[in-house]
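One file, input-v5.txt, carrying compact mmCIF, C-alpha atoms:
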# COMPACT_ATOMS: atom_id res chain seq x y z
CA MET A 1 0.24 6.64 18.08
CA THR A 2 -3.50 6.06 18.30
CA GLU A 3 -5.45 8.87 16.73
CA LEU A 4 -6.99 6.99 13.77
CA VAL A 5 -10.60 5.92 13.81
CA THR A 6 -12.50 4.41 10.91
CA GLY A 7 -16.24 3.94 10.75
CA ALA A 8 -17.14 4.15 14.45
CA THR A 9 -17.12 6.44 17.51
CA TRP A 10 -14.02 8.26 18.68
CA ALA A 11 -12.88 11.21 20.74
CA VAL A 12 -9.24 12.33 21.03
CA SER A 13 -8.47 15.81 22.30
CA PRO A 14 -6.80 17.90 21.13
CA ARG A 15 -7.00 16.74 17.51
CA PRO A 16 -3.76 16.61 15.48
CA PRO A 17 -3.45 19.72 13.25
CA SER A 18 -1.92 17.82 10.30
CA GLN A 19 -3.55 14.72 8.87
CA ALA A 20 -3.70 12.83 5.53
CA THR A 21 -5.60 9.75 4.46
CA CYS A 22 -5.91 7.41 1.49
CA GLY A 23 -8.41 4.59 1.08
CA TRP A 24 -8.89 1.53 -1.11
CA GLN A 25 -11.48 -1.23 -1.23
CA GLY A 26 -11.06 -3.12 2.02
CA GLY A 27 -8.66 -0.74 3.73
CA ARG A 28 -7.39 2.72 4.52
CA PHE A 29 -4.11 4.39 5.45
CA GLU A 30 -3.90 7.48 7.60
CA THR A 31 -1.02 9.54 8.89
CA ALA A 32 -0.77 12.63 11.09
CA ALA A 33 1.77 14.85 12.80
CA ARG A 34 1.44 16.51 16.19
CA PRO A 35 3.71 19.28 17.52
CA TYR A 36 4.56 19.26 21.21
CA THR A 37 1.39 18.80 23.25
CA ARG A 38 1.46 18.52 27.02
CA ALA A 39 -1.44 16.05 27.30
CA VAL A 40 -3.76 14.09 25.01
CA GLU A 41 -6.77 12.08 26.15
CA GLY A 42 -9.62 10.18 24.57
CA ASN A 43 -10.82 6.87 23.29
CA ILE A 44 -10.88 4.93 20.05
CA ARG A 45 -13.28 2.33 18.77
CA SER A 46 -13.14 1.17 15.17
CA ASP A 47 -15.12 -1.14 12.93
CA CYS A 48 -11.81 -2.05 11.24
CA HIS A 49 -8.66 -3.78 12.44
CA LEU A 50 -6.09 -1.05 13.18
CA ILE A 51 -2.33 -1.47 12.90
CA MET A 52 -0.65 1.69 14.22
CA ALA A 53 2.97 2.82 14.39
CA THR A 54 4.84 5.82 15.73
CA THR A 55 7.10 6.85 12.85
CA LYS A 56 8.85 9.85 14.46
CA GLY A 57 9.11 11.27 17.98
CA GLY A 58 6.92 9.83 20.73
CA ALA A 59 5.51 10.49 24.18
CA THR A 60 7.11 10.34 27.61
CA ARG A 61 4.09 8.41 28.87
CA HIS A 62 1.49 6.48 26.95
CA GLU A 63 -1.16 4.81 29.08
CA PHE A 64 -4.20 2.92 27.82
CA ARG A 65 -6.56 0.07 28.52
CA THR A 66 -8.85 -1.80 26.15
CA ASP A 67 -12.23 -3.33 26.85
CA SER A 68 -10.60 -6.73 26.19
CA GLY A 69 -8.41 -6.28 29.27
CA LEU A 70 -5.06 -5.14 27.80
CA ARG A 71 -3.31 -2.47 29.88
CA TYR A 72 -0.16 -0.53 29.04
CA SER A 73 1.81 2.25 30.69
CA GLY A 74 5.20 3.35 29.43
CA ARG A 75 7.13 5.41 26.90
CA ASP A 76 6.17 5.63 23.26
CA ARG A 77 8.93 6.12 20.69
CA ALA A 78 9.57 5.74 16.96
CA GLY A 79 9.10 2.10 16.02
CA THR A 80 6.37 1.36 18.58
CA VAL A 81 3.60 -0.67 16.93
CA SER A 82 0.19 -1.69 18.24
CA PHE A 83 -2.81 -3.64 17.01
CA LEU A 84 -6.45 -2.97 17.87
CA PRO A 85 -8.91 -5.55 16.48
CA ALA A 86 -12.21 -4.46 15.01
CA GLY A 87 -14.86 -3.68 17.60
CA CYS A 88 -12.36 -3.25 20.46
CA GLU A 89 -12.25 0.08 22.30
CA ARG A 90 -9.10 1.74 23.66
CA ARG A 91 -9.16 4.49 26.28
CA LEU A 92 -5.90 6.40 26.36
CA SER A 93 -3.94 9.26 27.85
CA LEU A 94 -0.55 10.61 26.80
CA GLU A 95 1.87 13.11 28.28
CA HIS A 96 4.47 15.32 26.58
CA VAL A 97 3.65 14.23 23.04
CA ALA A 98 5.48 15.27 19.85
CA TRP A 99 5.26 12.72 17.07
CA GLU A 100 4.23 11.48 13.67
CA TRP A 101 2.24 8.28 13.26
CA GLY A 102 0.73 6.14 10.56
CA ALA A 103 -2.02 3.54 10.70
CA ILE A 104 -3.50 0.88 8.42
CA ALA A 105 -7.20 0.14 8.84
CA VAL A 106 -8.26 -3.23 7.40
CA HIS A 107 -11.92 -4.08 6.97
CA PRO A 108 -12.75 -7.44 8.61
CA GLY A 109 -14.50 -8.66 5.46
CA SER A 110 -11.33 -8.32 3.39
CA VAL A 111 -9.15 -10.67 5.48
CA ALA A 112 -9.36 -14.07 7.15
CA ALA A 113 -12.03 -14.37 9.83
CA ASP A 114 -9.37 -15.78 12.21
CA ILE A 115 -8.02 -12.25 12.71
CA MET A 116 -11.13 -11.40 14.72
CA SER A 117 -9.82 -13.61 17.51
CA ILE A 118 -6.36 -11.99 17.70
CA ALA A 119 -5.94 -10.03 20.92
CA PRO A 120 -4.79 -6.39 20.93
CA PHE A 121 -1.09 -5.82 21.53
CA ILE A 122 1.60 -3.15 21.71
CA GLU A 123 5.27 -3.80 20.94
CA PRO A 124 8.34 -1.54 21.08
CA SER A 125 9.67 -3.20 17.93
CA GLU A 126 7.81 -4.90 15.06
CA PRO A 127 10.13 -4.40 12.05
CA PHE A 128 7.74 -5.72 9.38
CA LEU A 129 4.67 -3.75 10.46
CA TYR A 130 6.68 -0.62 11.27
CA GLY A 131 8.56 -0.83 7.97
CA LEU A 132 5.35 -1.21 5.99
CA ILE A 133 3.67 1.75 7.67
CA ALA A 134 6.79 3.91 7.23
CA GLN A 135 6.94 2.93 3.54
CA MET A 136 3.26 3.76 3.01
CA ASN A 137 3.84 7.09 4.74
CA ASN A 138 6.74 7.89 2.41
CA LEU A 139 4.80 6.86 -0.71
CA LEU A 140 1.76 8.90 0.29
CA SER A 141 3.98 11.92 0.93
CA ALA A 142 5.77 11.51 -2.43
CA ASP A 143 2.77 10.74 -4.65
CA GLY A 144 -0.22 12.18 -2.79
CA ALA A 145 -1.92 8.77 -3.05
CA LEU A 146 -1.20 5.05 -2.74
CA ASP A 147 -1.27 2.49 -5.54
CA THR A 148 -4.34 0.26 -5.25
CA THR A 149 -2.58 -2.93 -6.32
CA TYR A 150 0.20 -2.38 -3.79
CA CYS A 151 -2.33 -1.71 -1.02
CA SER A 152 -4.45 -4.78 -1.76
CA VAL A 153 -1.35 -7.00 -1.70
CA MET A 154 -0.07 -5.41 1.51
CA THR A 155 -3.47 -5.96 3.15
CA MET A 156 -3.08 -9.69 2.49
CA ALA A 157 0.50 -9.60 3.76
CA VAL A 158 -0.52 -7.87 7.00
CA ALA A 159 -3.32 -10.37 7.61
CA GLU A 160 -0.99 -13.33 7.06
CA TYR A 161 1.69 -11.79 9.27
CA LEU A 162 -0.77 -11.21 12.12
CA LEU A 163 -2.03 -14.79 11.87
CA ARG A 164 1.51 -16.19 11.91
CA ARG A 165 2.46 -13.89 14.78
CA SER A 166 -0.46 -15.17 16.81
CA GLY A 167 0.66 -18.76 16.29
CA ARG A 168 -2.16 -19.71 13.97
CA PRO A 169 -1.19 -21.88 10.99
CA VAL A 170 -1.50 -20.26 7.56
CA ARG A 171 -2.28 -23.02 5.11
CA ALA A 172 -1.50 -22.49 1.44
CA LYS A 173 -4.43 -24.32 -0.08
CA GLY A 174 -5.50 -24.40 -3.72
CA ILE A 175 -3.64 -24.61 -7.00
CA ARG A 176 0.13 -24.21 -6.94
CA GLN A 177 0.30 -22.20 -10.14
CA LEU A 178 -1.97 -20.84 -12.83
CA SER A 179 -2.36 -22.87 -15.98
CA PRO A 180 -1.01 -21.32 -19.22
CA ARG A 181 -4.60 -20.45 -20.18
CA GLN A 182 -5.30 -18.84 -16.79
CA LEU A 183 -2.07 -16.87 -16.95
CA ARG A 184 -2.88 -15.67 -20.48
CA MET A 185 -6.39 -14.66 -19.39
CA THR A 186 -4.95 -12.80 -16.41
CA MET A 187 -2.43 -10.86 -18.49
CA ASP A 188 -5.17 -9.93 -20.96
CA ARG A 189 -7.30 -8.72 -18.07
CA ILE A 190 -4.41 -6.66 -16.71
CA ASP A 191 -4.03 -5.00 -20.12
CA HIS A 192 -7.77 -4.30 -20.21
CA LEU A 193 -7.82 -2.79 -16.71
CA LEU A 194 -4.49 -0.96 -16.99
CA PRO A 195 -5.88 2.61 -17.17
CA GLN A 196 -7.59 2.20 -13.79
CA PRO A 197 -6.70 1.00 -10.27
CA ILE A 198 -6.30 -2.79 -10.19
CA GLN A 199 -6.94 -4.85 -7.08
CA ILE A 200 -5.92 -8.46 -6.69
CA ALA A 201 -9.63 -9.34 -6.41
CA ASP A 202 -10.13 -8.00 -9.96
CA LEU A 203 -7.79 -10.73 -11.19
CA ALA A 204 -8.65 -13.54 -8.78
CA THR A 205 -12.46 -13.42 -8.94
CA PRO A 206 -12.81 -14.23 -12.68
CA LEU A 207 -10.74 -17.38 -12.06
CA GLY A 208 -12.89 -18.43 -9.12
CA ILE A 209 -10.05 -18.50 -6.57
CA SER A 210 -9.25 -16.48 -3.47
CA GLU A 211 -6.88 -13.51 -3.58
CA GLY A 212 -4.25 -15.29 -1.48
CA HIS A 213 -4.34 -18.40 -3.66
CA PHE A 214 -4.24 -16.28 -6.82
CA TYR A 215 -1.20 -14.35 -5.60
CA ARG A 216 0.78 -17.54 -4.95
CA ALA A 217 -0.44 -19.28 -8.12
CA PHE A 218 0.38 -16.28 -10.32
CA ARG A 219 3.88 -16.03 -8.88
CA GLY A 220 4.37 -19.76 -9.40
CA ALA A 221 3.37 -19.51 -13.06
CA ALA A 222 4.87 -16.14 -14.01
CA GLY A 223 8.00 -16.11 -11.86
CA ARG A 224 7.10 -12.67 -10.52
CA THR A 225 4.38 -11.16 -8.39
CA PRO A 226 1.17 -9.61 -9.76
CA VAL A 227 2.41 -6.20 -8.60
CA GLN A 228 5.61 -6.59 -10.61
CA ALA A 229 3.71 -7.80 -13.69
CA ILE A 230 1.24 -4.90 -13.53
CA SER A 231 4.08 -2.39 -13.05
CA GLU A 232 5.93 -3.80 -16.06
CA ARG A 233 2.79 -3.54 -18.21
CA ARG A 234 2.23 0.05 -17.09
CA VAL A 235 5.81 0.99 -17.97
CA GLU A 236 5.56 -0.74 -21.37
CA ARG A 237 2.42 1.21 -22.26
CA ALA A 238 3.85 4.45 -20.91
CA ALA A 239 7.03 3.95 -22.98
CA SER A 240 4.90 3.46 -26.10
CA LEU A 241 2.95 6.67 -25.41
CA LEU A 242 6.17 8.59 -24.73
CA ALA A 243 7.59 7.42 -28.05
CA GLN A 244 4.49 7.87 -30.21
CA THR A 245 2.74 10.93 -28.76
CA ASP A 246 3.49 14.38 -27.40
CA CYS A 247 1.32 13.83 -24.30
CA SER A 248 2.77 15.20 -21.09
CA VAL A 249 4.27 12.86 -18.53
CA ASN A 250 1.44 13.85 -16.17
CA ARG A 251 -1.18 12.79 -18.72
CA ILE A 252 0.61 9.54 -19.53
CA ALA A 253 0.83 8.60 -15.85
CA LEU A 254 -2.96 8.88 -15.62
CA GLU A 255 -3.44 7.02 -18.91
CA VAL A 256 -1.60 3.97 -17.53
CA GLY A 257 -3.38 3.99 -14.16
CA LEU A 258 -0.67 5.46 -11.94
CA VAL A 259 -1.38 7.80 -9.06
CA SER A 260 1.16 10.49 -10.01
CA PRO A 261 4.07 11.41 -12.34
CA SER A 262 6.47 10.67 -9.48
CA HIS A 263 5.10 7.12 -9.30
CA LEU A 264 5.69 6.71 -13.05
CA ALA A 265 9.23 8.08 -12.69
CA ARG A 266 9.96 5.67 -9.85
CA LEU A 267 8.79 2.67 -11.90
CA PHE A 268 10.80 3.81 -14.93
CA ARG A 269 13.96 4.05 -12.84
CA THR A 270 13.33 0.62 -11.33
CA ILE A 271 12.44 -1.21 -14.55
CA LEU A 272 14.23 0.69 -17.33
CA GLY A 273 16.95 2.50 -15.39
CA THR A 274 15.96 5.93 -16.72
CA THR A 275 13.27 8.60 -16.31
CA PRO A 276 10.26 9.12 -18.61
CA SER A 277 11.67 12.41 -19.93
CA GLU A 278 15.08 10.88 -20.59
CA TYR A 279 13.47 7.90 -22.31
CA ARG A 280 11.48 10.17 -24.65
CA ARG A 281 14.55 12.29 -25.40
CA GLU A 282 16.77 9.27 -26.08
CA PHE A 283 14.12 7.55 -28.20
CA ARG A 284 13.67 10.60 -30.40
CA ALA A 285 17.40 11.16 -30.70
CA VAL A 286 17.64 7.69 -32.25
CA ALA A 287 14.33 7.70 -34.14
CA VAL A 288 14.73 11.00 -36.03
CA PRO A 289 18.11 10.19 -37.71
CA ALA A 290 16.83 6.72 -38.59
CA ARG A 291 13.72 8.20 -40.20
CA ASN A 292 15.83 10.73 -42.14
CA ASP A 293 18.05 7.93 -43.42
CA GLN A 294 15.00 5.98 -44.55
CA ASP A 295 13.54 9.01 -46.34
CA GLU A 296 16.86 9.64 -48.07
CA ALA A 297 17.00 6.03 -49.23
CA ILE A 298 13.51 6.28 -50.69
CA ARG A 299 14.34 9.54 -52.54
CA SER A 300 17.53 8.08 -54.02
CA GLY A 301 15.63 5.10 -55.34
Here is the file; what I need is its structure written in the form of structure tokens.
Amino acid sequence: MTELVTGATWAVSPRPPSQATCGWQGGRFETAARPYTRAVEGNIRSDCHLIMATTKGGATRHEFRTDSGLRYSGRDRAGTVSFLPAGCERRLSLEHVAWEWGAIAVHPGSVAADIMSIAPFIEPSEPFLYGLIAQMNNLLSADGALDTTYCSVMTMAVAEYLLRRSGRPVRAKGIRQLSPRQLRMTMDRIDHLLPQPIQIADLATPLGISEGHFYRAFRGAAGRTPVQAISERRVERAASLLAQTDCSVNRIALEVGLVSPSHLARLFRTILGTTPSEYRREFRAVAVPARNDQDEAIRSG
């Protein structure tokens, strides 16, 4: 469950033969699979906060200690989650390992400074963190990449969850909702940035507010989250391109800033209840007869 290292020293032997990673500004997701291995040993030290989860399989014995004093010795199974704060080293050994794991690395500068004081932990069950890592794993497997907007929002969610879990108050300061002018400016900016990855910071910074405050204020004003609004805009533009051009679905997905055609198809099913190909086919089935009727009317005077 602990074979990810980001931006520092590490040594885990033997290395997992299968590994995939995807990064965004302020964070990174990594996943790997290991077939049965009798013993694994090494250490991890990262410049980022690491949230790690075993998604499949496990180890009959997982033993580690951190330089902050945390010690653990026990089984590791699917659903086990642990947290290693930035700058903290973990020395580990495992026996009879066969598993898949995923990990989120969050740069300290992208989240509240209070997280630096959260102690490392390991838990057999953390449904929110485990569910998020499993979802990221599935999305990375399906699309070959992760959506930047989704990742930037989830980074904020993880930071807030860790703070609440540690007993620290999370105060919702700032404006309760965007003004009509701010909301209009934000939607215009979304439209302008649509062909590229959009992070919450891209929308919050021009308004002079923090990402967390922006997220809450946008939802208060628009009645939906920034992720939902951006997804709706992407689908609207994709639908227009499907109707008006002969561009491939692959090309259109890139044109509207999505990581893959499968991502576009998933959004279409969620928002419009159909697939891009079906939408194009149905649109043209309606549009062609209507155009022929109009042409006939013009010819007949």
Exercise: residues within 9 Å of coordinate (-2.9, -8.8, -4.5), counting all atoms listed in the file, as a JSON list (two decimals) with C-alpha atoms, in the frame of the given file:
[["chain", "number", "residue", "atom", "x", "y", "z"],
["A", 149, "THR", "CA", -2.58, -2.93, -6.32],
["A", 150, "TYR", "CA", 0.20, -2.38, -3.79],
["A", 151, "CYS", "CA", -2.33, -1.71, -1.02],
["A", 152, "SER", "CA", -4.45, -4.78, -1.76],
["A", 153, "VAL", "CA", -1.35, -7.00, -1.70],
["A", 154, "MET", "CA", -0.07, -5.41, 1.51],
["A", 155, "THR", "CA", -3.47, -5.96, 3.15],
["A", 156, "MET", "CA", -3.08, -9.69, 2.49],
["A", 157, "ALA", "CA", 0.50, -9.60, 3.76],
["A", 198, "ILE", "CA", -6.30, -2.79, -10.19],
["A", 199, "GLN", "CA", -6.94, -4.85, -7.08],
["A", 200, "ILE", "CA", -5.92, -8.46, -6.69],
["A", 201, "ALA", "CA", -9.63, -9.34, -6.41],
["A", 203, "LEU", "CA", -7.79, -10.73, -11.19],
["A", 204, "ALA", "CA", -8.65, -13.54, -8.78],
["A", 211, "GLU", "CA", -6.88, -13.51, -3.58],
["A", 212, "GLY", "CA", -4.25, -15.29, -1.48],
["A", 214, "PHE", "CA", -4.24, -16.28, -6.82],
["A", 215, "TYR", "CA", -1.20, -14.35, -5.60],
["A", 225, "THR", "CA", 4.38, -11.16, -8.39],
["A", 226, "PRO", "CA", 1.17, -9.61, -9.76],
["A", 227, "VAL", "CA", 2.41, -6.20, -8.60]]
Subject >> Spatial neighbours of segment 159-166 of chain A, max dist 10 Å, all atoms listed in the file, sep filter under 3 positions, as a list of chain:residue names >> reply: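 Residues meeting the cut-off are A:His49, A:Ile51, A:Phe83, A:Val106, A:Pro108, A:Ser110, A:Val111, A:Ala112, A:Ala113, A:Asp114, A:Ile115, A:Ser117, A:Ile118, A:Ala119, A:Phe128, A:Leu129, A:Met154, A:Thr155, A:Met156, A:Pro169, A:Val170, A:Arg171, A:Gly212.
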Subject >> Computed interatomic separation between atom CA of Ala39 of chain A and atom CA of Ser18 of chain A (Å) >> reply: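 Spanning atom CA of Ala39 of chain A to atom CA of Ser18 of chain A is a straight-line distance of 17.1 Å.
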Original post:
So which one's closest to Ala103 of chain A, A:Arg216, A:Arg28, A:Arg224, A:Arg269? Using all atoms listed in the file, please.
Top reply: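 Comparing A:Arg216, A:Arg28, A:Arg224, A:Arg269 against Ala103 of chain A, the winner is A:Arg28.
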Original post:
atom CA of Ser82 of chain A and atom CA of Trp24 of chain A, how far apart in Å?
Top reply: 21.6 Å
**OP:** Report the distance between atom CA of Arg38 of chain A and atom CA of Gly102 of chain A in Å, rounded to one decimal place.
**Re:**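 The value is 20.6 Å.
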**OP:** Would you mind telling me which residue in A:Gln19, A:Ser68, A:Gln244, A:Ser262 lies nearest to Arg280 of chain A when using all atoms listed in the file?
**Re:** A:Gln244
Original post:
Which neighbours of Leu267 of chain A fall inside 10 Å, counting all atoms listed in the file, when residues of the same chain fewer than 6 positions from it are skipped, and could you give them as an NGL selection string?
Top reply: :A and (228 or 231-232 or 234-235 or 258 or 261 or 273-276)
Original post:
Of the residues A:Ala217, A:Ile104, A:Ala145, A:Leu50, which is the one nearest to Cys88 of chain A, using only C-alpha atoms?
Top reply: A:Leu50
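Nearest to Leu242 of chain A of all the residues A:His213, A:Arg45, A:Arg181, A:Arg281 is A:Arg281, based on all atoms listed in the file.
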Original post:
Using all atoms listed in the file, which of A:Glu236, A:Gly220, A:Ala265, A:Ser13 sits nearest Val249 of chain A?
Top reply: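 Checking each candidate against Val249 of chain A, we get A:Ala265 as the closest.
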Kindly complete segment 52-72 of chain A to N, CA and C atoms; the output should be written as a short mmCIF file (atom, residue, chain, number, x, y, z; two decimals), in the coordinates of the input.
data_model
loop_
_atom_site.label_atom_id
_atom_site.label_comp_id
_atom_site.auth_asym_id
_atom_site.auth_seq_id
_atom_site.Cartn_x
_atom_site.Cartn_y
_atom_site.Cartn_z
N MET A 52 -1.11 0.31 14.03
CA MET A 52 -0.65 1.69 14.22
C MET A 52 0.84 1.70 14.59
N ALA A 53 1.54 2.70 14.08
CA ALA A 53 2.97 2.82 14.39
C ALA A 53 3.37 4.27 14.58
N THR A 54 4.20 4.52 15.57
CA THR A 54 4.84 5.82 15.73
C THR A 54 6.03 5.86 14.79
N THR A 55 6.03 6.80 13.85
CA THR A 55 7.10 6.85 12.85
C THR A 55 8.20 7.86 13.21
N LYS A 56 7.86 8.88 13.99
CA LYS A 56 8.85 9.85 14.46
C LYS A 56 8.42 10.34 15.84
N GLY A 57 9.42 10.69 16.67
CA GLY A 57 9.11 11.27 17.98
C GLY A 57 8.51 10.26 18.93
N GLY A 58 7.54 10.72 19.76
CA GLY A 58 6.92 9.83 20.73
C GLY A 58 6.28 10.60 21.87
N ALA A 59 6.11 9.91 22.99
CA ALA A 59 5.51 10.49 24.18
C ALA A 59 6.24 9.95 25.40
N THR A 60 6.41 10.80 26.41
CA THR A 60 7.11 10.34 27.61
C THR A 60 6.28 9.32 28.38
N ARG A 61 4.95 9.43 28.26
CA ARG A 61 4.09 8.41 28.87
C ARG A 61 2.88 8.16 27.99
N HIS A 62 2.67 6.90 27.71
CA HIS A 62 1.49 6.48 26.95
C HIS A 62 0.79 5.42 27.79
N GLU A 63 -0.41 5.73 28.22
CA GLU A 63 -1.16 4.81 29.08
C GLU A 63 -2.52 4.53 28.43
N PHE A 64 -2.88 3.25 28.35
CA PHE A 64 -4.20 2.92 27.82
C PHE A 64 -4.68 1.60 28.39
N ARG A 65 -5.96 1.37 28.23
CA ARG A 65 -6.56 0.07 28.52
C ARG A 65 -7.64 -0.18 27.49
N THR A 66 -7.83 -1.44 27.12
CA THR A 66 -8.85 -1.80 26.15
C THR A 66 -9.95 -2.56 26.86
N ASP A 67 -11.13 -2.61 26.24
CA ASP A 67 -12.23 -3.33 26.85
C ASP A 67 -12.04 -4.85 26.80
N SER A 68 -10.93 -5.30 26.17
CA SER A 68 -10.60 -6.73 26.19
C SER A 68 -9.66 -7.07 27.35
N GLY A 69 -9.22 -6.02 28.10
CA GLY A 69 -8.41 -6.28 29.27
C GLY A 69 -6.94 -5.92 29.15
N LEU A 70 -6.46 -5.51 27.96
CA LEU A 70 -5.06 -5.14 27.80
C LEU A 70 -4.79 -3.79 28.45
N ARG A 71 -3.73 -3.73 29.27
CA ARG A 71 -3.31 -2.47 29.88
C ARG A 71 -1.86 -2.19 29.53
N TYR A 72 -1.54 -0.91 29.35
CA TYR A 72 -0.16 -0.53 29.04
C TYR A 72 0.13 0.82 29.67
#
